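File shown here: upload.txt, holding compact mmCIF, C-alpha atoms.
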```txt
# COMPACT_ATOMS: atom_id res chain seq x y z
CA MET K 1 138.82 59.26 98.46
CA ASP K 2 135.47 57.96 99.70
CA LEU K 3 135.89 54.18 100.08
CA VAL K 4 132.47 53.53 98.58
CA LEU K 5 133.38 55.49 95.47
CA PHE K 6 136.73 53.68 95.34
CA TYR K 7 135.01 50.29 95.28
CA PHE K 8 132.54 51.53 92.68
CA LEU K 9 135.50 52.41 90.43
CA ILE K 10 137.09 49.01 91.10
CA LEU K 11 133.81 47.28 90.24
CA GLY K 12 133.51 49.32 87.04
CA PHE K 13 137.09 48.48 86.09
CA ALA K 14 136.47 44.75 86.61
CA VAL K 15 133.28 44.84 84.53
CA LEU K 16 134.98 46.75 81.71
CA MET K 17 137.96 44.36 81.67
CA TYR K 18 135.61 41.39 81.52
CA VAL K 19 133.56 42.89 78.68
CA LEU K 20 136.65 43.68 76.60
CA LEU K 21 138.59 40.47 77.25
CA ASP K 22 135.96 37.78 77.58
CA GLY K 23 133.86 39.73 75.08
CA PHE K 24 136.16 38.93 72.17
CA ASP K 25 136.49 35.23 72.96
CA LEU K 26 132.71 34.94 73.39
CA GLY K 27 132.51 36.78 70.07
CA VAL K 28 134.73 34.19 68.40
CA GLY K 29 132.29 31.55 69.62
CA ILE K 30 129.32 33.50 68.27
CA LEU K 31 131.03 33.73 64.85
CA TYR K 32 131.95 30.02 64.92
CA PRO K 33 129.14 28.82 62.57
CA TRP K 34 130.30 31.27 59.87
CA PHE K 35 133.69 29.53 59.62
CA ASP K 36 133.08 26.04 58.29
CA GLN K 37 135.85 25.30 55.82
CA THR K 38 138.49 22.68 56.64
CA GLY K 39 140.70 23.73 59.53
CA GLU K 40 138.98 27.07 60.17
CA ARG K 41 137.26 26.04 63.37
CA ASP K 42 140.46 24.52 64.72
CA HIS K 43 142.10 27.87 64.00
CA LEU K 44 139.38 29.76 65.89
CA MET K 45 139.77 27.49 68.90
CA ARG K 46 143.55 27.90 68.87
CA SER K 47 143.24 31.68 68.71
CA ILE K 48 141.56 31.89 72.14
CA SER K 49 142.49 28.62 73.86
CA HIS K 50 145.32 30.26 75.79
CA VAL K 51 143.29 33.22 77.12
CA TRP K 52 139.60 32.31 77.51
CA ASP K 53 139.81 30.94 81.06
CA GLY K 54 142.05 33.79 82.24
CA ASN K 55 139.62 36.32 80.76
CA GLU K 56 136.80 34.93 82.89
CA THR K 57 138.83 35.77 86.01
CA TRP K 58 137.42 39.29 85.73
CA LEU K 59 133.85 37.98 85.96
CA VAL K 60 134.69 36.18 89.18
CA PHE K 61 136.58 39.19 90.53
CA GLY K 62 133.71 41.56 89.70
CA GLY K 63 131.24 39.23 91.41
CA VAL K 64 133.42 39.11 94.52
CA VAL K 65 133.69 42.92 94.66
CA LEU K 66 129.92 43.27 94.24
CA PHE K 67 129.27 40.69 96.96
CA ALA K 68 131.80 42.08 99.44
CA ALA K 69 131.51 45.84 98.88
CA PHE K 70 127.85 46.17 97.80
CA PRO K 71 125.98 43.23 99.40
CA ALA K 72 122.54 44.82 99.09
CA ALA K 73 122.96 45.26 95.32
CA TYR K 74 124.37 41.72 95.04
CA ALA K 75 121.31 40.30 96.81
CA GLY K 76 118.89 42.38 94.75
CA ILE K 77 120.47 41.62 91.37
CA LEU K 78 120.98 37.89 91.92
CA SER K 79 117.51 37.28 93.36
CA THR K 80 115.83 39.24 90.57
CA PHE K 81 117.85 37.78 87.69
CA TYR K 82 118.27 34.27 89.07
CA LEU K 83 117.11 32.54 85.87
CA PRO K 84 119.26 34.43 83.30
CA ILE K 85 122.29 34.26 85.61
CA ILE K 86 121.95 30.48 86.04
CA LEU K 87 121.43 30.10 82.28
CA MET K 88 124.56 32.20 81.65
CA LEU K 89 126.62 30.07 84.04
CA PHE K 90 125.45 26.81 82.44
CA ALA K 91 126.30 28.25 79.02
CA LEU K 92 129.81 29.17 80.19
CA ILE K 93 130.26 25.68 81.67
CA PHE K 94 129.23 23.92 78.44
CA ARG K 95 131.45 26.28 76.49
CA GLY K 96 134.44 25.53 78.73
CA VAL K 97 133.92 21.76 78.55
CA ALA K 98 133.72 22.00 74.74
CA PHE K 99 137.29 23.31 74.63
CA GLU K 100 138.65 20.13 76.15
CA TYR K 101 136.30 17.52 74.70
CA ARG K 102 136.27 18.85 71.15
CA PHE K 103 140.01 18.32 70.80
CA LYS K 104 139.73 14.67 71.80
CA ALA K 105 136.42 13.94 70.04
CA ASP K 106 135.94 12.36 66.64
CA ARG K 107 132.34 11.36 65.92
CA SER K 108 130.95 13.65 68.62
CA ARG K 109 132.89 16.74 67.49
CA PRO K 110 129.82 18.42 65.87
CA TYR K 111 128.04 18.28 69.25
CA TRP K 112 130.94 20.01 70.97
CA ASP K 113 131.07 22.56 68.17
CA PHE K 114 127.42 23.30 68.88
CA ALA K 115 128.06 23.48 72.64
CA PHE K 116 130.88 25.96 72.12
CA SER K 117 128.92 28.20 69.76
CA ALA K 118 125.56 28.01 71.54
CA GLY K 119 127.22 28.49 74.93
CA SER K 120 129.01 31.61 73.72
CA ALA K 121 125.87 33.11 72.17
CA THR K 122 123.67 32.28 75.18
CA ALA K 123 126.12 33.73 77.70
CA ALA K 124 126.42 36.96 75.70
CA PHE K 125 122.64 37.26 75.28
CA CYS K 126 122.02 36.71 79.00
CA GLN K 127 124.55 39.39 79.92
CA GLY K 128 122.85 41.86 77.59
CA LEU K 129 119.45 40.87 78.92
CA ILE K 130 120.50 41.56 82.51
CA LEU K 131 122.11 44.86 81.51
CA GLY K 132 118.98 46.02 79.70
CA SER K 133 116.73 45.10 82.60
CA ILE K 134 118.94 47.00 85.06
CA VAL K 135 119.09 50.09 82.83
CA GLN K 136 115.33 49.99 82.32
CA GLY K 137 114.79 49.79 86.06
CA VAL K 138 113.52 46.90 88.12
CA ASN K 139 110.35 47.49 90.11
CA ALA K 140 110.18 45.17 93.10
CA ASN K 141 106.37 45.27 93.16
CA HIS K 142 106.20 44.16 89.53
CA ILE K 143 108.68 41.36 90.17
CA GLN K 144 106.44 40.00 92.94
CA LEU K 145 103.47 39.97 90.57
CA ASP K 146 105.35 38.68 87.53
CA SER K 147 108.66 36.80 87.85
CA TRP K 148 109.28 37.36 84.10
CA TYR K 149 109.02 41.14 84.42
CA TRP K 150 112.68 41.54 83.41
CA LEU K 151 112.01 39.91 80.01
CA SER K 152 111.01 43.14 78.26
CA PRO K 153 111.40 44.24 74.61
CA PHE K 154 114.15 46.68 75.65
CA ALA K 155 116.06 43.95 77.51
CA ILE K 156 115.77 41.59 74.53
CA LEU K 157 117.11 44.36 72.27
CA THR K 158 120.10 44.92 74.55
CA GLY K 159 120.66 41.15 74.67
CA PHE K 160 121.02 40.93 70.90
CA SER K 161 123.02 44.19 70.87
CA VAL K 162 125.58 42.74 73.28
CA MET K 163 125.78 39.60 71.14
CA ALA K 164 126.51 41.74 68.08
CA GLY K 165 129.06 43.80 70.02
CA TYR K 166 130.91 40.72 71.25
CA ALA K 167 130.87 39.28 67.74
CA LEU K 168 132.40 42.54 66.49
CA LEU K 169 135.15 42.27 69.10
CA GLY K 170 135.72 38.66 68.05
CA ALA K 171 135.90 39.53 64.35
CA SER K 172 138.40 42.33 64.94
CA TYR K 173 140.44 39.97 67.14
CA LEU K 174 140.50 37.34 64.37
CA TYR K 175 141.53 40.03 61.88
CA MET K 176 144.50 40.76 64.15
CA LYS K 177 145.48 37.13 64.84
CA SER K 178 144.84 35.42 61.49
CA ARG K 179 146.05 35.30 57.90
CA GLY K 180 144.63 34.65 54.47
CA ARG K 181 140.99 33.72 53.99
CA ILE K 182 140.15 33.70 57.70
CA GLN K 183 141.48 37.24 58.09
CA GLN K 184 139.57 38.51 55.07
CA HIS K 185 136.37 36.76 56.09
CA ALA K 186 136.73 38.22 59.60
CA ALA K 187 137.12 41.71 58.08
CA HIS K 188 133.99 41.17 55.97
CA LEU K 189 131.97 40.10 59.02
CA ALA K 190 133.41 42.91 61.13
CA ARG K 191 132.23 45.58 58.67
CA ARG K 192 128.67 44.26 58.75
CA LEU K 193 128.72 43.95 62.51
CA LEU K 194 130.17 47.43 62.92
CA LEU K 195 127.20 48.94 61.12
CA GLY K 196 124.79 46.84 63.16
CA VAL K 197 126.42 47.70 66.47
CA MET K 198 126.43 51.44 65.81
CA VAL K 199 122.74 51.35 64.81
CA ALA K 200 121.95 49.27 67.91
CA MET K 201 123.82 51.72 70.15
CA LEU K 202 121.87 54.60 68.64
CA ILE K 203 118.50 52.86 69.13
CA VAL K 204 119.30 51.77 72.70
CA SER K 205 120.53 55.28 73.58
CA LEU K 206 117.43 56.98 72.16
CA TRP K 207 115.11 54.44 73.78
CA THR K 208 116.80 54.97 77.15
CA VAL K 209 116.67 58.76 76.93
CA LEU K 210 113.03 58.83 75.82
CA SER K 211 111.82 56.34 78.43
CA SER K 212 113.61 57.79 81.48
CA ASP K 213 113.10 61.36 82.66
CA ASP K 214 116.10 61.15 84.99
CA ILE K 215 118.49 59.99 82.27
CA ARG K 216 117.13 62.53 79.81
CA GLU K 217 117.71 65.31 82.33
CA ARG K 218 121.18 63.97 83.10
CA TRP K 219 122.19 64.29 79.44
CA PHE K 220 120.30 67.35 78.27
CA ALA K 221 119.57 69.61 81.26
CA GLY K 222 121.43 72.91 81.09
CA GLY K 223 124.62 72.58 79.10
CA ASN K 224 125.25 68.95 80.03
CA PHE K 225 125.16 67.69 76.47
CA LEU K 226 127.99 70.02 75.51
CA TYR K 227 130.20 68.41 78.15
CA LEU K 228 129.04 64.87 77.34
CA SER K 229 129.02 65.18 73.55
CA PRO K 230 132.61 63.85 73.20
CA LEU K 231 131.30 60.38 74.15
CA PRO K 232 129.03 59.87 71.09
CA LEU K 233 131.31 61.89 68.81
CA LEU K 234 134.39 59.85 69.68
CA SER K 235 132.37 56.65 69.30
CA ALA K 236 131.47 57.67 65.75
CA LEU K 237 135.09 58.59 65.03
CA PHE K 238 136.36 55.23 66.31
CA ALA K 239 133.76 53.46 64.16
CA VAL K 240 135.03 55.26 61.04
CA LEU K 241 138.64 54.48 61.94
CA ALA K 242 137.81 50.82 62.62
CA TRP K 243 136.08 50.56 59.22
CA LYS K 244 139.15 51.97 57.47
CA GLY K 245 141.49 49.85 59.56
CA LEU K 246 139.83 46.64 58.39
CA SER K 247 141.41 47.28 54.97
CA ASP K 248 144.87 47.92 56.42
CA THR K 249 146.98 44.77 56.56
CA VAL K 250 149.99 46.66 57.88
CA HIS K 251 148.43 47.85 61.15
CA GLU K 252 146.16 44.88 61.82
CA ILE K 253 145.92 45.53 65.54
CA ARG K 254 144.23 48.92 65.20
CA PRO K 255 140.63 47.82 64.43
CA PHE K 256 140.53 45.80 67.65
CA TRP K 257 141.60 48.80 69.72
CA TYR K 258 139.14 51.09 67.96
CA VAL K 259 136.32 48.66 68.70
CA ALA K 260 137.53 48.40 72.31
CA GLY K 261 137.40 52.21 72.42
CA ILE K 262 133.75 52.14 71.27
CA PHE K 263 132.92 49.71 74.07
CA THR K 264 134.78 51.84 76.63
CA LEU K 265 132.95 55.00 75.56
CA GLY K 266 129.63 53.17 75.65
CA PHE K 267 130.41 51.96 79.16
CA ALA K 268 131.31 55.52 80.19
CA GLY K 269 127.97 56.71 78.82
CA LEU K 270 126.20 54.04 80.86
CA VAL K 271 127.96 55.17 84.03
CA VAL K 272 127.04 58.80 83.31
CA SER K 273 123.40 57.79 82.85
CA LEU K 274 123.06 55.68 86.00
CA PHE K 275 125.47 57.11 88.58
CA PRO K 276 125.17 56.95 91.58
CA TYR K 277 122.67 54.09 91.28
CA LEU K 278 123.57 50.41 91.10
CA ILE K 279 119.88 49.58 90.71
CA PRO K 280 118.24 52.62 89.07
CA ASN K 281 115.84 54.61 91.26
CA GLN K 282 116.21 52.09 94.08
CA LEU K 283 119.73 51.61 95.38
CA THR K 284 122.66 54.02 95.24
CA ILE K 285 126.23 52.91 95.81
CA TRP K 286 126.09 54.37 99.33
CA ASP K 287 122.81 52.61 100.16
CA ALA K 288 124.20 49.29 98.93
CA ALA K 289 127.66 49.58 100.51
CA ALA K 290 128.98 47.31 103.25
CA PRO K 291 130.03 48.80 106.63
CA ASP K 292 133.22 50.88 106.67
CA THR K 293 135.05 48.22 108.67
CA SER K 294 134.41 45.65 105.95
CA LEU K 295 135.44 48.07 103.19
CA LYS K 296 138.71 48.84 104.99
CA PHE K 297 139.41 45.14 105.47
CA LEU K 298 138.86 44.47 101.74
CA VAL K 299 141.50 47.00 100.71
CA VAL K 300 144.24 44.47 101.53
CA GLY K 301 142.79 41.88 99.16
CA ILE K 302 142.24 44.46 96.41
CA ALA K 303 145.85 45.66 96.74
CA ILE K 304 147.11 42.09 96.32
CA PHE K 305 144.85 40.63 93.67
CA ILE K 306 144.44 43.44 91.13
CA PRO K 307 148.22 43.72 90.44
CA LEU K 308 148.46 39.92 90.42
CA ILE K 309 145.63 39.47 87.91
CA LEU K 310 146.93 42.29 85.72
CA ALA K 311 150.46 40.83 85.80
CA TYR K 312 149.56 37.32 84.67
CA THR K 313 147.06 38.68 82.12
CA LEU K 314 149.68 40.92 80.51
CA TRP K 315 152.30 38.16 80.67
CA GLY K 316 149.96 35.64 79.03
CA TYR K 317 149.11 37.97 76.17
CA ARG K 318 152.77 38.83 75.69
CA VAL K 319 153.85 35.17 75.56
CA PHE K 320 151.19 34.34 72.97
CA ALA K 321 151.51 37.55 70.94
CA GLY K 322 151.52 37.37 67.16
CA LYS K 323 149.65 35.30 64.62
CA VAL K 324 148.03 31.93 65.31
CA GLU K 325 149.98 29.19 63.57
CA ASP K 326 147.94 26.24 62.26
CA TYR K 327 150.83 23.80 62.03
CA GLN K 328 150.85 23.41 65.81
CA GLU K 329 149.33 20.27 67.27
CA GLY K 330 146.26 20.61 69.47
CA TYR K 331 145.46 23.99 70.98
```
Take the structure I supplied and represent it as structure tokens, if you would.
Amino acid sequence: MDLVLFYFLILGFAVLMYVLLDGFDLGVGILYPWFDQTGERDHLMRSISHVWDGNETWLVFGGVVLFAAFPAAYAGILSTFYLPIILMLFALIFRGVAFEYRFKADRSRPYWDFAFSAGSATAAFCQGLILGSIVQGVNANHIQLDSWYWLSPFAILTGFSVMAGYALLGASYLYMKSRGRIQQHAAHLARRLLLGVMVAMLIVSLWTVLSSDDIRERWFAGGNFLYLSPLPLLSALFAVLAWKGLSDTVHEIRPFWYVAGIFTLGFAGLVVSLFPYLIPNQLTIWDAAAPDTSLKFLVVGIAIFIPLILAYTLWGYRVFAGKVEDYQEGY
């Protein structure tokens, strides 16, 4: 296999793992203000306290792969989106600190509650904002004239769409991990969010197709849509199954996997639309790739760290499988 294509697949895998895993714990933070009865917020914190920092490993790993294998894309993306990236990192820092300080706080607990919720929402919005700007296409000449060029209506829409999507992942996760009122309230929120996310995906998809000749041709030229139609059709099917699953207290894990399937299919559609570009109409994966000697050297690290990260991730989720119990002290 072409090494450049291999690293592109590794990068895509890291991004998808981050979106699915850190997506649901960011989503729990986004939903935090909607759970305000006694003990509910402690329950939400307990539900993700054992996985949130491990989930963020995939963000670091994806950044390392982008830096090492595609340095030109790394330089272009970070220099263009410096402000939203820094804002995202500060939000993740405040969110992480809130985990530790909230448990020990008494009078200041409301401030740490706010830090946790606002940090989660801000990080999710910034990720969607960056995604939307990349999909829309970044013109270097426009960036030089206007440093806020990336703050477009489309990017703002994708920012809120990612927030809604993460909240949906979080609600389906809480439905799987909780009991009683919290579980039912999570199901209620998940149904509303599911409708919103599917509408947002439809609007974003239509906007993208109508605004980009290349993407429109990619999907509709010749018989392409016949081959690609399983992506939207399966997304709709998973949405229906997730809706039904939110009323099934016997198979409580299924809605989460259906929602994860919607995200995976959406990510596949994004790859179909943009490949082989990392920065649309500017930089392909081959243009952005590091020299072959560097790519060959990196294979050793990839072969060591991917199995290692997967192993401790799977082990952690297995150890903490099952419902969250509120009688436990702390997190």
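Considering the residues K:Gly301, K:Gly180, K:Pro276, K:Pro291 and counting all atoms listed in the file, Phe70 in chain K has its shortest atom-to-atom contact with K:Pro291.
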Selection: 9 Å around Phe160 in chain K, all atoms listed in the file, excl. self and same-chain fewer than 2 positions, as a PyMOL selection string: chain K and resi 124-125+128-129+155-158+162-165+200
Using all atoms listed in the file - which residues lie no farther than 12 Å from the point (131.7, 57.5, 68.5) in the file's frame? Write them as an mmCIF file with C-alpha atoms, keeping the file's coordinate frame.
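Everything below was put into out.cif:
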```
data_model
loop_
_atom_site.group_PDB
_atom_site.id
_atom_site.type_symbol
_atom_site.label_atom_id
_atom_site.label_comp_id
_atom_site.auth_asym_id
_atom_site.auth_seq_id
_atom_site.Cartn_x
_atom_site.Cartn_y
_atom_site.Cartn_z
ATOM 1 C CA LEU K 194 130.170 47.430 62.920
ATOM 2 C CA VAL K 197 126.420 47.700 66.470
ATOM 3 C CA MET K 198 126.430 51.440 65.810
ATOM 4 C CA VAL K 199 122.740 51.350 64.810
ATOM 5 C CA MET K 201 123.820 51.720 70.150
ATOM 6 C CA LEU K 202 121.870 54.600 68.640
ATOM 7 C CA LEU K 228 129.040 64.870 77.340
ATOM 8 C CA SER K 229 129.020 65.180 73.550
ATOM 9 C CA PRO K 230 132.610 63.850 73.200
ATOM 10 C CA LEU K 231 131.300 60.380 74.150
ATOM 11 C CA PRO K 232 129.030 59.870 71.090
ATOM 12 C CA LEU K 233 131.310 61.890 68.810
ATOM 13 C CA LEU K 234 134.390 59.850 69.680
ATOM 14 C CA SER K 235 132.370 56.650 69.300
ATOM 15 C CA ALA K 236 131.470 57.670 65.750
ATOM 16 C CA LEU K 237 135.090 58.590 65.030
ATOM 17 C CA PHE K 238 136.360 55.230 66.310
ATOM 18 C CA ALA K 239 133.760 53.460 64.160
ATOM 19 C CA VAL K 240 135.030 55.260 61.040
ATOM 20 C CA LEU K 241 138.640 54.480 61.940
ATOM 21 C CA ALA K 242 137.810 50.820 62.620
ATOM 22 C CA TYR K 258 139.140 51.090 67.960
ATOM 23 C CA VAL K 259 136.320 48.660 68.700
ATOM 24 C CA ALA K 260 137.530 48.400 72.310
ATOM 25 C CA GLY K 261 137.400 52.210 72.420
ATOM 26 C CA ILE K 262 133.750 52.140 71.270
ATOM 27 C CA PHE K 263 132.920 49.710 74.070
ATOM 28 C CA THR K 264 134.780 51.840 76.630
ATOM 29 C CA LEU K 265 132.950 55.000 75.560
ATOM 30 C CA GLY K 266 129.630 53.170 75.650
ATOM 31 C CA ALA K 268 131.310 55.520 80.190
ATOM 32 C CA GLY K 269 127.970 56.710 78.820
#
```
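Residues in contact with Ser172 in chain K at 10 Å, where only C-alpha atoms are counted and same-chain residues fewer than 5 positions away are skipped, are listed as K:Phe24, K:Gly27, K:Val28, K:Tyr166, K:Ala167, K:Lys177, K:Gln183, K:Ala186, K:Ala187, K:Leu189, K:Ala190, K:Arg191, K:Leu194, K:Ala242, K:Gly245, K:Leu246, K:Glu252, K:Ile253, K:Arg254, K:Pro255, K:Phe256, K:Trp257, K:Tyr258, K:Val259, K:Ala260.
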Between CA of Ala321 in chain K and CA of Trp112 in chain K - distance in Å to one decimal: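 Separation of CA of Trp112 in chain K and CA of Ala321 in chain K: 27.0 Å.
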Taking every listed atom of range 194-209 of chain K and adding 5 Å to each side, what centre and edge lengths in Å (one decimal) does the axis-aligned box have, as AutoDock Vina command-line options?
```
--center_x 122.6 --center_y 52.8 --center_z 69.1 --size_x 25.1 --size_y 21.9 --size_z 26.0
```
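Of the listed residues (K:Leu206, K:Gly29, K:Ile130, K:Leu174), K:Ile130 comes nearest to Gly159 in chain K; the distances count all atoms listed in the file.
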Within 12 Å of Arg216 in chain K using only C-alpha atoms, minus same-chain residues under 5 positions, as a count of residues only: 14
Nearby residues (all atoms listed in the file) at most 12 Å from Leu310 in chain K, same-chain spacing under 6 positions excluded, as number ranges by chain: K: 13-14, 17, 54-55, 57-58, 61, 302-304, 316-317
With all heavy atoms as the goal, would you fill in the gaps in range 63-73 of chain K and present it as a PDB file, in the frame of the given file?
```
ATOM      1  N   GLY K  63     132.262  39.785  90.527  1.00  0.00           N
ATOM      2  CA  GLY K  63     131.240  39.230  91.410  1.00  0.00           C
ATOM      3  C   GLY K  63     131.651  39.293  92.870  1.00  0.00           C
ATOM      4  O   GLY K  63     130.827  39.591  93.750  1.00  0.00           O
ATOM      5  N   VAL K  64     132.923  39.039  93.147  1.00  0.00           N
ATOM      6  CA  VAL K  64     133.420  39.110  94.520  1.00  0.00           C
ATOM      7  C   VAL K  64     133.355  40.537  95.048  1.00  0.00           C
ATOM      8  O   VAL K  64     132.938  40.778  96.193  1.00  0.00           O
ATOM      9  CB  VAL K  64     134.870  38.573  94.600  1.00  0.00           C
ATOM     10  CG1 VAL K  64     135.492  38.872  95.958  1.00  0.00           C
ATOM     11  CG2 VAL K  64     134.890  37.072  94.328  1.00  0.00           C
ATOM     12  N   VAL K  65     133.752  41.520  94.241  1.00  0.00           N
ATOM     13  CA  VAL K  65     133.690  42.920  94.660  1.00  0.00           C
ATOM     14  C   VAL K  65     132.246  43.337  94.926  1.00  0.00           C
ATOM     15  O   VAL K  65     131.938  44.011  95.925  1.00  0.00           O
ATOM     16  CB  VAL K  65     134.330  43.844  93.607  1.00  0.00           C
ATOM     17  CG1 VAL K  65     134.105  45.314  93.955  1.00  0.00           C
ATOM     18  CG2 VAL K  65     135.822  43.552  93.486  1.00  0.00           C
ATOM     19  N   LEU K  66     131.331  42.939  94.046  1.00  0.00           N
ATOM     20  CA  LEU K  66     129.920  43.270  94.240  1.00  0.00           C
ATOM     21  C   LEU K  66     129.390  42.647  95.523  1.00  0.00           C
ATOM     22  O   LEU K  66     128.677  43.298  96.299  1.00  0.00           O
ATOM     23  CB  LEU K  66     129.106  42.789  93.034  1.00  0.00           C
ATOM     24  CG  LEU K  66     127.611  43.132  93.046  1.00  0.00           C
ATOM     25  CD1 LEU K  66     127.398  44.638  92.965  1.00  0.00           C
ATOM     26  CD2 LEU K  66     126.891  42.434  91.891  1.00  0.00           C
ATOM     27  N   PHE K  67     129.730  41.387  95.763  1.00  0.00           N
ATOM     28  CA  PHE K  67     129.270  40.690  96.960  1.00  0.00           C
ATOM     29  C   PHE K  67     129.840  41.312  98.238  1.00  0.00           C
ATOM     30  O   PHE K  67     129.127  41.505  99.231  1.00  0.00           O
ATOM     31  CB  PHE K  67     129.662  39.213  96.883  1.00  0.00           C
ATOM     32  CG  PHE K  67     129.439  38.449  98.151  1.00  0.00           C
ATOM     33  CD1 PHE K  67     128.160  38.065  98.539  1.00  0.00           C
ATOM     34  CD2 PHE K  67     130.512  38.105  98.968  1.00  0.00           C
ATOM     35  CE1 PHE K  67     127.956  37.362  99.712  1.00  0.00           C
ATOM     36  CE2 PHE K  67     130.309  37.401 100.139  1.00  0.00           C
ATOM     37  CZ  PHE K  67     129.030  37.027 100.516  1.00  0.00           C
ATOM     38  N   ALA K  68     131.135  41.619  98.223  1.00  0.00           N
ATOM     39  CA  ALA K  68     131.800  42.080  99.440  1.00  0.00           C
ATOM     40  C   ALA K  68     131.577  43.558  99.720  1.00  0.00           C
ATOM     41  O   ALA K  68     131.392  43.951 100.874  1.00  0.00           O
ATOM     42  CB  ALA K  68     133.301  41.795  99.341  1.00  0.00           C
ATOM     43  N   ALA K  69     131.594  44.388  98.673  1.00  0.00           N
ATOM     44  CA  ALA K  69     131.510  45.840  98.880  1.00  0.00           C
ATOM     45  C   ALA K  69     130.080  46.359  98.784  1.00  0.00           C
ATOM     46  O   ALA K  69     129.749  47.367  99.424  1.00  0.00           O
ATOM     47  CB  ALA K  69     132.388  46.557  97.859  1.00  0.00           C
ATOM     48  N   PHE K  70     129.231  45.698  97.993  1.00  0.00           N
ATOM     49  CA  PHE K  70     127.850  46.170  97.800  1.00  0.00           C
ATOM     50  C   PHE K  70     126.877  45.007  97.982  1.00  0.00           C
ATOM     51  O   PHE K  70     126.193  44.596  97.023  1.00  0.00           O
ATOM     52  CB  PHE K  70     127.687  46.790  96.411  1.00  0.00           C
ATOM     53  CG  PHE K  70     128.654  47.906  96.121  1.00  0.00           C
ATOM     54  CD1 PHE K  70     129.754  47.696  95.295  1.00  0.00           C
ATOM     55  CD2 PHE K  70     128.468  49.164  96.677  1.00  0.00           C
ATOM     56  CE1 PHE K  70     130.648  48.717  95.036  1.00  0.00           C
ATOM     57  CE2 PHE K  70     129.362  50.195  96.418  1.00  0.00           C
ATOM     58  CZ  PHE K  70     130.458  49.977  95.608  1.00  0.00           C
ATOM     59  N   PRO K  71     126.788  44.440  99.195  1.00  0.00           N
ATOM     60  CA  PRO K  71     125.980  43.230  99.400  1.00  0.00           C
ATOM     61  C   PRO K  71     124.496  43.416  99.105  1.00  0.00           C
ATOM     62  O   PRO K  71     123.836  42.485  98.632  1.00  0.00           O
ATOM     63  CB  PRO K  71     126.218  42.890 100.872  1.00  0.00           C
ATOM     64  CG  PRO K  71     126.691  44.165 101.497  1.00  0.00           C
ATOM     65  CD  PRO K  71     127.447  44.879 100.429  1.00  0.00           C
ATOM     66  N   ALA K  72     123.958  44.601  99.362  1.00  0.00           N
ATOM     67  CA  ALA K  72     122.540  44.820  99.090  1.00  0.00           C
ATOM     68  C   ALA K  72     122.247  44.752  97.591  1.00  0.00           C
ATOM     69  O   ALA K  72     121.240  44.175  97.151  1.00  0.00           O
ATOM     70  CB  ALA K  72     122.094  46.173  99.650  1.00  0.00           C
ATOM     71  N   ALA K  73     123.131  45.320  96.777  1.00  0.00           N
ATOM     72  CA  ALA K  73     122.960  45.260  95.320  1.00  0.00           C
ATOM     73  C   ALA K  73     123.166  43.828  94.832  1.00  0.00           C
ATOM     74  O   ALA K  73     122.449  43.360  93.934  1.00  0.00           O
ATOM     75  CB  ALA K  73     123.947  46.195  94.633  1.00  0.00           C
TER      76      ALA K  73
END
```
